[in-house]
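Right, one structure below, let's go through it.
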Amino acid sequence: MARTGVPTPPLRPTSRVSSRVSARVPLIALSAALALTAAGCSDDSGGGSGGSGGSGGSGGKKDGPVVVATTTWEGAFAKAAGAKDVTVLVPASTQHAPDYDPKPSDLAAVSEADFVLYAPFEPYAGKIKDAAGSKADLVQVDLDNDAAKVRREVARLGELFGTEGAAASWRRTFDREYARLSADLKASWPGGKSPAVVSQVFTTWSARMAGARTVGTYGPEAVTASQLAALSAKKPALVLDNAHMSTGKVLPDSGAEQVGIVNYPGEDMDLLPVYRGAAEQLKKAMKSA
């Protein structure tokens with residue numbers, strides 16, 4: 001989304017959000033320090049808002065690295081790369097991740113981590129790591145569901161985690177599923193022709209999966225009157241909207257079918273349902289286009 005797209009989705013933090021988070025981190029750090037002291041910094045001090053596999057702390061390191069991910073999107077990349085002990089800080093129900101206010105338990109989770117995964121549009125990851133006094137490696141993830149980028153990031157994380165075999169196995173599964181979904185979508189083209197689409201900048205990956213022709217993009221800022229006129233003039237059959245950043249009907253008078261594309265995985269931190277869900281929505285829209 002320059003790309004990366006939010007449950008949250010995805011997404012650029014405003015200076016207001018950054019300053020608010022910066023002001024709260026010292027208080028959070030103090031609260032976390034007191035909490036960890038009271039708990040004796042034990043391994044059962046708890047994690048963030050969610051987790052998958054492993055028990056956390058040093059116990060989880062027996063089966064691989066302990067990973068803390070800011071959202072389920074980074075968590076899904078880590079899981080695909082072979083990490084078994086993954087804790088997510090931002091709840092999947094949060095509509096816009098950059099607005100999340102970190103909690104003391106988040107610092108406790110980070111203090112036990114080997115790796116902390118984050119995206120550049122999330123303003124708090126580095127501050128959390130510093131406030132927790134963690135020795136974890138801070139790893140920036142290119143959050144984009146473009147197939148080529150997903151393969152590259154999963155392979156890179158597998159190398160960092162020492163789980164190359166698991167990452168390679170996941171990529172083979174992904175390639176088969178992606179190819180199946182893409183072929184099914186192309187077979188559903190209206191009139192057998194690739195549809196023209198206008199896409200939000202963080203959902204262009206879904207257009208590529210469908211083999212659609214992207215004739216224009218918009219966002220993440222609101223569409224201006226001049227952009228509206230220019231995009232409508234392209235006569236798109238579909239508008240691919242970012243479900244996490246939707247501002248309503250994008251081209252209300254164009255006659256284009258608008259499709260909400262979800263970027264973020266659910267609590268299971270599984271990327272494949274994201275592609276299946278997008279394919280289902282696109283197939284329905286193309287039938288009525």
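Going through the structure tokens in order, the chains are called A, B, and so on, while each chain numbers its residues from 1 and the ligands are numbered from 1 in the order shown.
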Who sits within 8 Å of Ala92 (chain A), only C-alpha atoms, same chain under 4 positions skipped, as an mmCIF file with N, CA and C atoms, in the first residue's frame:
data_model
loop_
_atom_site.group_PDB
_atom_site.id
_atom_site.type_symbol
_atom_site.label_atom_id
_atom_site.label_comp_id
_atom_site.auth_asym_id
_atom_site.auth_seq_id
_atom_site.Cartn_x
_atom_site.Cartn_y
_atom_site.Cartn_z
ATOM 1 N N PRO A 7 -7.661 -3.501 9.053
ATOM 2 C CA PRO A 7 -8.848 -3.207 9.539
ATOM 3 C C PRO A 7 -8.758 -2.101 9.845
ATOM 4 N N THR A 71 -0.612 -5.497 13.441
ATOM 5 C CA THR A 71 -1.973 -5.833 13.029
ATOM 6 C C THR A 71 -2.018 -7.258 12.492
ATOM 7 N N THR A 72 -3.233 -7.717 12.200
ATOM 8 C CA THR A 72 -3.388 -9.063 11.635
ATOM 9 C C THR A 72 -2.760 -9.176 10.252
ATOM 10 N N GLY A 266 -8.500 -11.793 9.023
ATOM 11 C CA GLY A 266 -9.205 -11.827 10.286
ATOM 12 C C GLY A 266 -8.300 -12.269 11.414
ATOM 13 N N GLU A 267 -8.906 -12.645 12.523
ATOM 14 C CA GLU A 267 -8.144 -13.037 13.699
ATOM 15 C C GLU A 267 -7.318 -14.311 13.463
#
Within 8 Å of Asp241 (chain A), counting only C-alpha atoms, which residues qualify if same-chain residues fewer than 5 places away don't, as a PyMOL selection string? chain A and resi 199-200+203+246+250+258-261
Just to be explicit: take each residue in the selection above, keep N, CA and C atoms, and write the result as an mmCIF file, in the first residue's frame.
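After the write, out_35.cif holds the following:
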data_model
loop_
_atom_site.group_PDB
_atom_site.id
_atom_site.type_symbol
_atom_site.label_atom_id
_atom_site.label_comp_id
_atom_site.auth_asym_id
_atom_site.auth_seq_id
_atom_site.Cartn_x
_atom_site.Cartn_y
_atom_site.Cartn_z
ATOM 1 N N SER A 199 -9.764 1.980 -9.396
ATOM 2 C CA SER A 199 -9.412 1.330 -8.141
ATOM 3 C C SER A 199 -8.827 2.309 -7.137
ATOM 4 N N GLN A 200 -9.184 2.125 -5.882
ATOM 5 C CA GLN A 200 -8.491 2.828 -4.820
ATOM 6 C C GLN A 200 -7.050 2.329 -4.819
ATOM 7 N N THR A 203 -6.135 -1.101 -3.468
ATOM 8 C CA THR A 203 -6.876 -2.293 -3.896
ATOM 9 C C THR A 203 -6.574 -2.683 -5.335
ATOM 10 N N SER A 246 -13.357 3.455 3.157
ATOM 11 C CA SER A 246 -14.426 3.885 2.266
ATOM 12 C C SER A 246 -15.039 5.205 2.721
ATOM 13 N N VAL A 250 -18.171 6.254 -4.684
ATOM 14 C CA VAL A 250 -17.072 7.027 -5.262
ATOM 15 C C VAL A 250 -17.490 7.737 -6.539
ATOM 16 N N GLN A 258 -19.821 -0.667 -7.644
ATOM 17 C CA GLN A 258 -18.764 -0.482 -6.650
ATOM 18 C C GLN A 258 -18.591 -1.752 -5.823
ATOM 19 N N VAL A 259 -17.325 -2.152 -5.643
ATOM 20 C CA VAL A 259 -16.999 -3.382 -4.925
ATOM 21 C C VAL A 259 -16.094 -3.026 -3.748
ATOM 22 N N GLY A 260 -16.473 -3.437 -2.549
ATOM 23 C CA GLY A 260 -15.638 -3.217 -1.373
ATOM 24 C C GLY A 260 -14.606 -4.322 -1.238
ATOM 25 N N ILE A 261 -13.341 -3.966 -1.273
ATOM 26 C CA ILE A 261 -12.252 -4.936 -1.180
ATOM 27 C C ILE A 261 -11.625 -4.865 0.213
#
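These are the residues of region 94-286 of chain A assigned strand (DSSP E) by DSSP from backbone coordinates: Phe115, Val116, Leu117, Tyr118, Asp137, Leu138, Val139, Gln140, Ala196, Val197, Val198, Ser199, Gln200, Arg213, Thr214, Val215, Gly216, Thr217, Tyr218, Leu238, Val239, Leu240, Asp241, Asn242, Glu257, Gln258, Val259, Gly260 and Ile261 of chain A.
Straight-line separation from CA of Asp270 (chain A) to CA of Leu157 (chain A): 15.7 Å.
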Enumerate the residues of region 71-246 of chain A with a DSSP assignment of alpha helix (DSSP H), computed from the backbone, and present them as a VMD selection string. chain A and resid 72 to 80 104 to 111 125 to 132 147 to 161 164 to 186 204 to 210 225 to 233
File dump, residues just selected, C-alpha atoms, as a CSV table (one decimal), in the first residue's frame:
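part_9.csv written:
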chain,number,residue,atom,x,y,z
A,72,THR,CA,-3.4,-9.1,11.6
A,73,TRP,CA,-2.0,-8.1,8.2
A,74,GLU,CA,1.6,-8.2,9.4
A,75,GLY,CA,0.7,-11.2,11.6
A,76,ALA,CA,-0.6,-13.0,8.5
A,77,PHE,CA,2.7,-12.4,6.7
A,78,ALA,CA,4.6,-13.8,9.7
A,79,LYS,CA,2.4,-16.8,9.9
A,80,ALA,CA,2.8,-17.5,6.2
A,104,PRO,CA,0.8,-1.5,28.8
A,105,SER,CA,0.2,-5.1,27.9
A,106,ASP,CA,1.5,-4.3,24.4
A,107,LEU,CA,4.8,-3.3,25.8
A,108,ALA,CA,4.9,-6.5,27.9
A,109,ALA,CA,4.4,-8.5,24.7
A,110,VAL,CA,7.1,-6.6,22.8
A,111,SER,CA,9.6,-7.0,25.6
A,125,ALA,CA,5.7,0.6,16.5
A,126,GLY,CA,9.2,2.0,17.1
A,127,LYS,CA,8.0,3.9,20.2
A,128,ILE,CA,6.5,0.8,21.7
A,129,LYS,CA,9.7,-1.1,21.1
A,130,ASP,CA,11.9,1.6,22.7
A,131,ALA,CA,9.5,2.1,25.6
A,132,ALA,CA,9.5,-1.6,26.3
A,147,ALA,CA,0.9,-11.5,-5.4
A,148,ALA,CA,4.5,-10.8,-6.4
A,149,LYS,CA,5.1,-8.6,-3.4
A,150,VAL,CA,3.5,-11.1,-1.0
A,151,ARG,CA,5.7,-13.9,-2.3
A,152,ARG,CA,8.8,-11.7,-1.9
A,153,GLU,CA,7.9,-10.6,1.6
A,154,VAL,CA,7.1,-14.1,2.8
A,155,ALA,CA,10.4,-15.3,1.5
A,156,ARG,CA,12.3,-12.5,3.1
A,157,LEU,CA,10.6,-13.0,6.5
A,158,GLY,CA,11.3,-16.8,6.2
A,159,GLU,CA,15.0,-16.0,5.9
A,160,LEU,CA,14.9,-13.7,8.9
A,161,PHE,CA,13.0,-16.2,11.0
A,164,GLU,CA,12.6,-20.9,4.9
A,165,GLY,CA,11.1,-24.3,4.3
A,166,ALA,CA,7.7,-23.4,5.8
A,167,ALA,CA,7.7,-20.1,3.8
A,168,ALA,CA,8.4,-22.0,0.6
A,169,SER,CA,5.7,-24.5,1.3
A,170,TRP,CA,3.2,-21.6,1.9
A,171,ARG,CA,4.2,-19.9,-1.3
A,172,ARG,CA,3.5,-23.1,-3.3
A,173,THR,CA,0.0,-23.3,-1.7
A,174,PHE,CA,-0.6,-19.6,-2.4
A,175,ASP,CA,0.5,-19.9,-6.0
A,176,ARG,CA,-2.0,-22.7,-6.7
A,177,GLU,CA,-4.9,-20.9,-5.0
A,178,TYR,CA,-4.1,-17.6,-6.6
A,179,ALA,CA,-3.9,-19.2,-10.1
A,180,ARG,CA,-7.2,-20.9,-9.5
A,181,LEU,CA,-9.0,-17.7,-8.4
A,182,SER,CA,-7.5,-15.7,-11.2
A,183,ALA,CA,-8.5,-18.2,-13.9
A,184,ASP,CA,-12.1,-18.3,-12.4
A,185,LEU,CA,-12.3,-14.5,-12.5
A,186,LYS,CA,-11.1,-14.3,-16.1
A,204,THR,CA,-5.2,-2.4,-7.3
A,205,TRP,CA,-3.9,-5.9,-6.4
A,206,SER,CA,-7.5,-7.3,-6.8
A,207,ALA,CA,-7.8,-5.8,-10.3
A,208,ARG,CA,-4.6,-7.6,-11.3
A,209,MET,CA,-5.9,-10.9,-9.9
A,210,ALA,CA,-9.0,-10.5,-12.0
A,225,ALA,CA,-14.6,17.2,-8.2
A,226,SER,CA,-12.1,17.3,-11.0
A,227,GLN,CA,-11.0,13.8,-10.2
A,228,LEU,CA,-14.6,12.6,-10.2
A,229,ALA,CA,-15.2,14.0,-13.6
A,230,ALA,CA,-11.9,12.5,-15.0
A,231,LEU,CA,-12.6,9.1,-13.5
A,232,SER,CA,-16.2,9.0,-14.7
A,233,ALA,CA,-15.1,9.9,-18.2
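In this structure, CA of Ala136 (chain A) sits 23.4 Å away from CA of Asp99 (chain A).
Here CA of Tyr118 (chain A) and CA of Thr217 (chain A) stand 25.6 Å from one another.
Closest approach to Ala289 (chain A) among A:Trp189, A:Phe121, A:Tyr100, A:Phe115 is made by A:Trp189 (distances from only C-alpha atoms).
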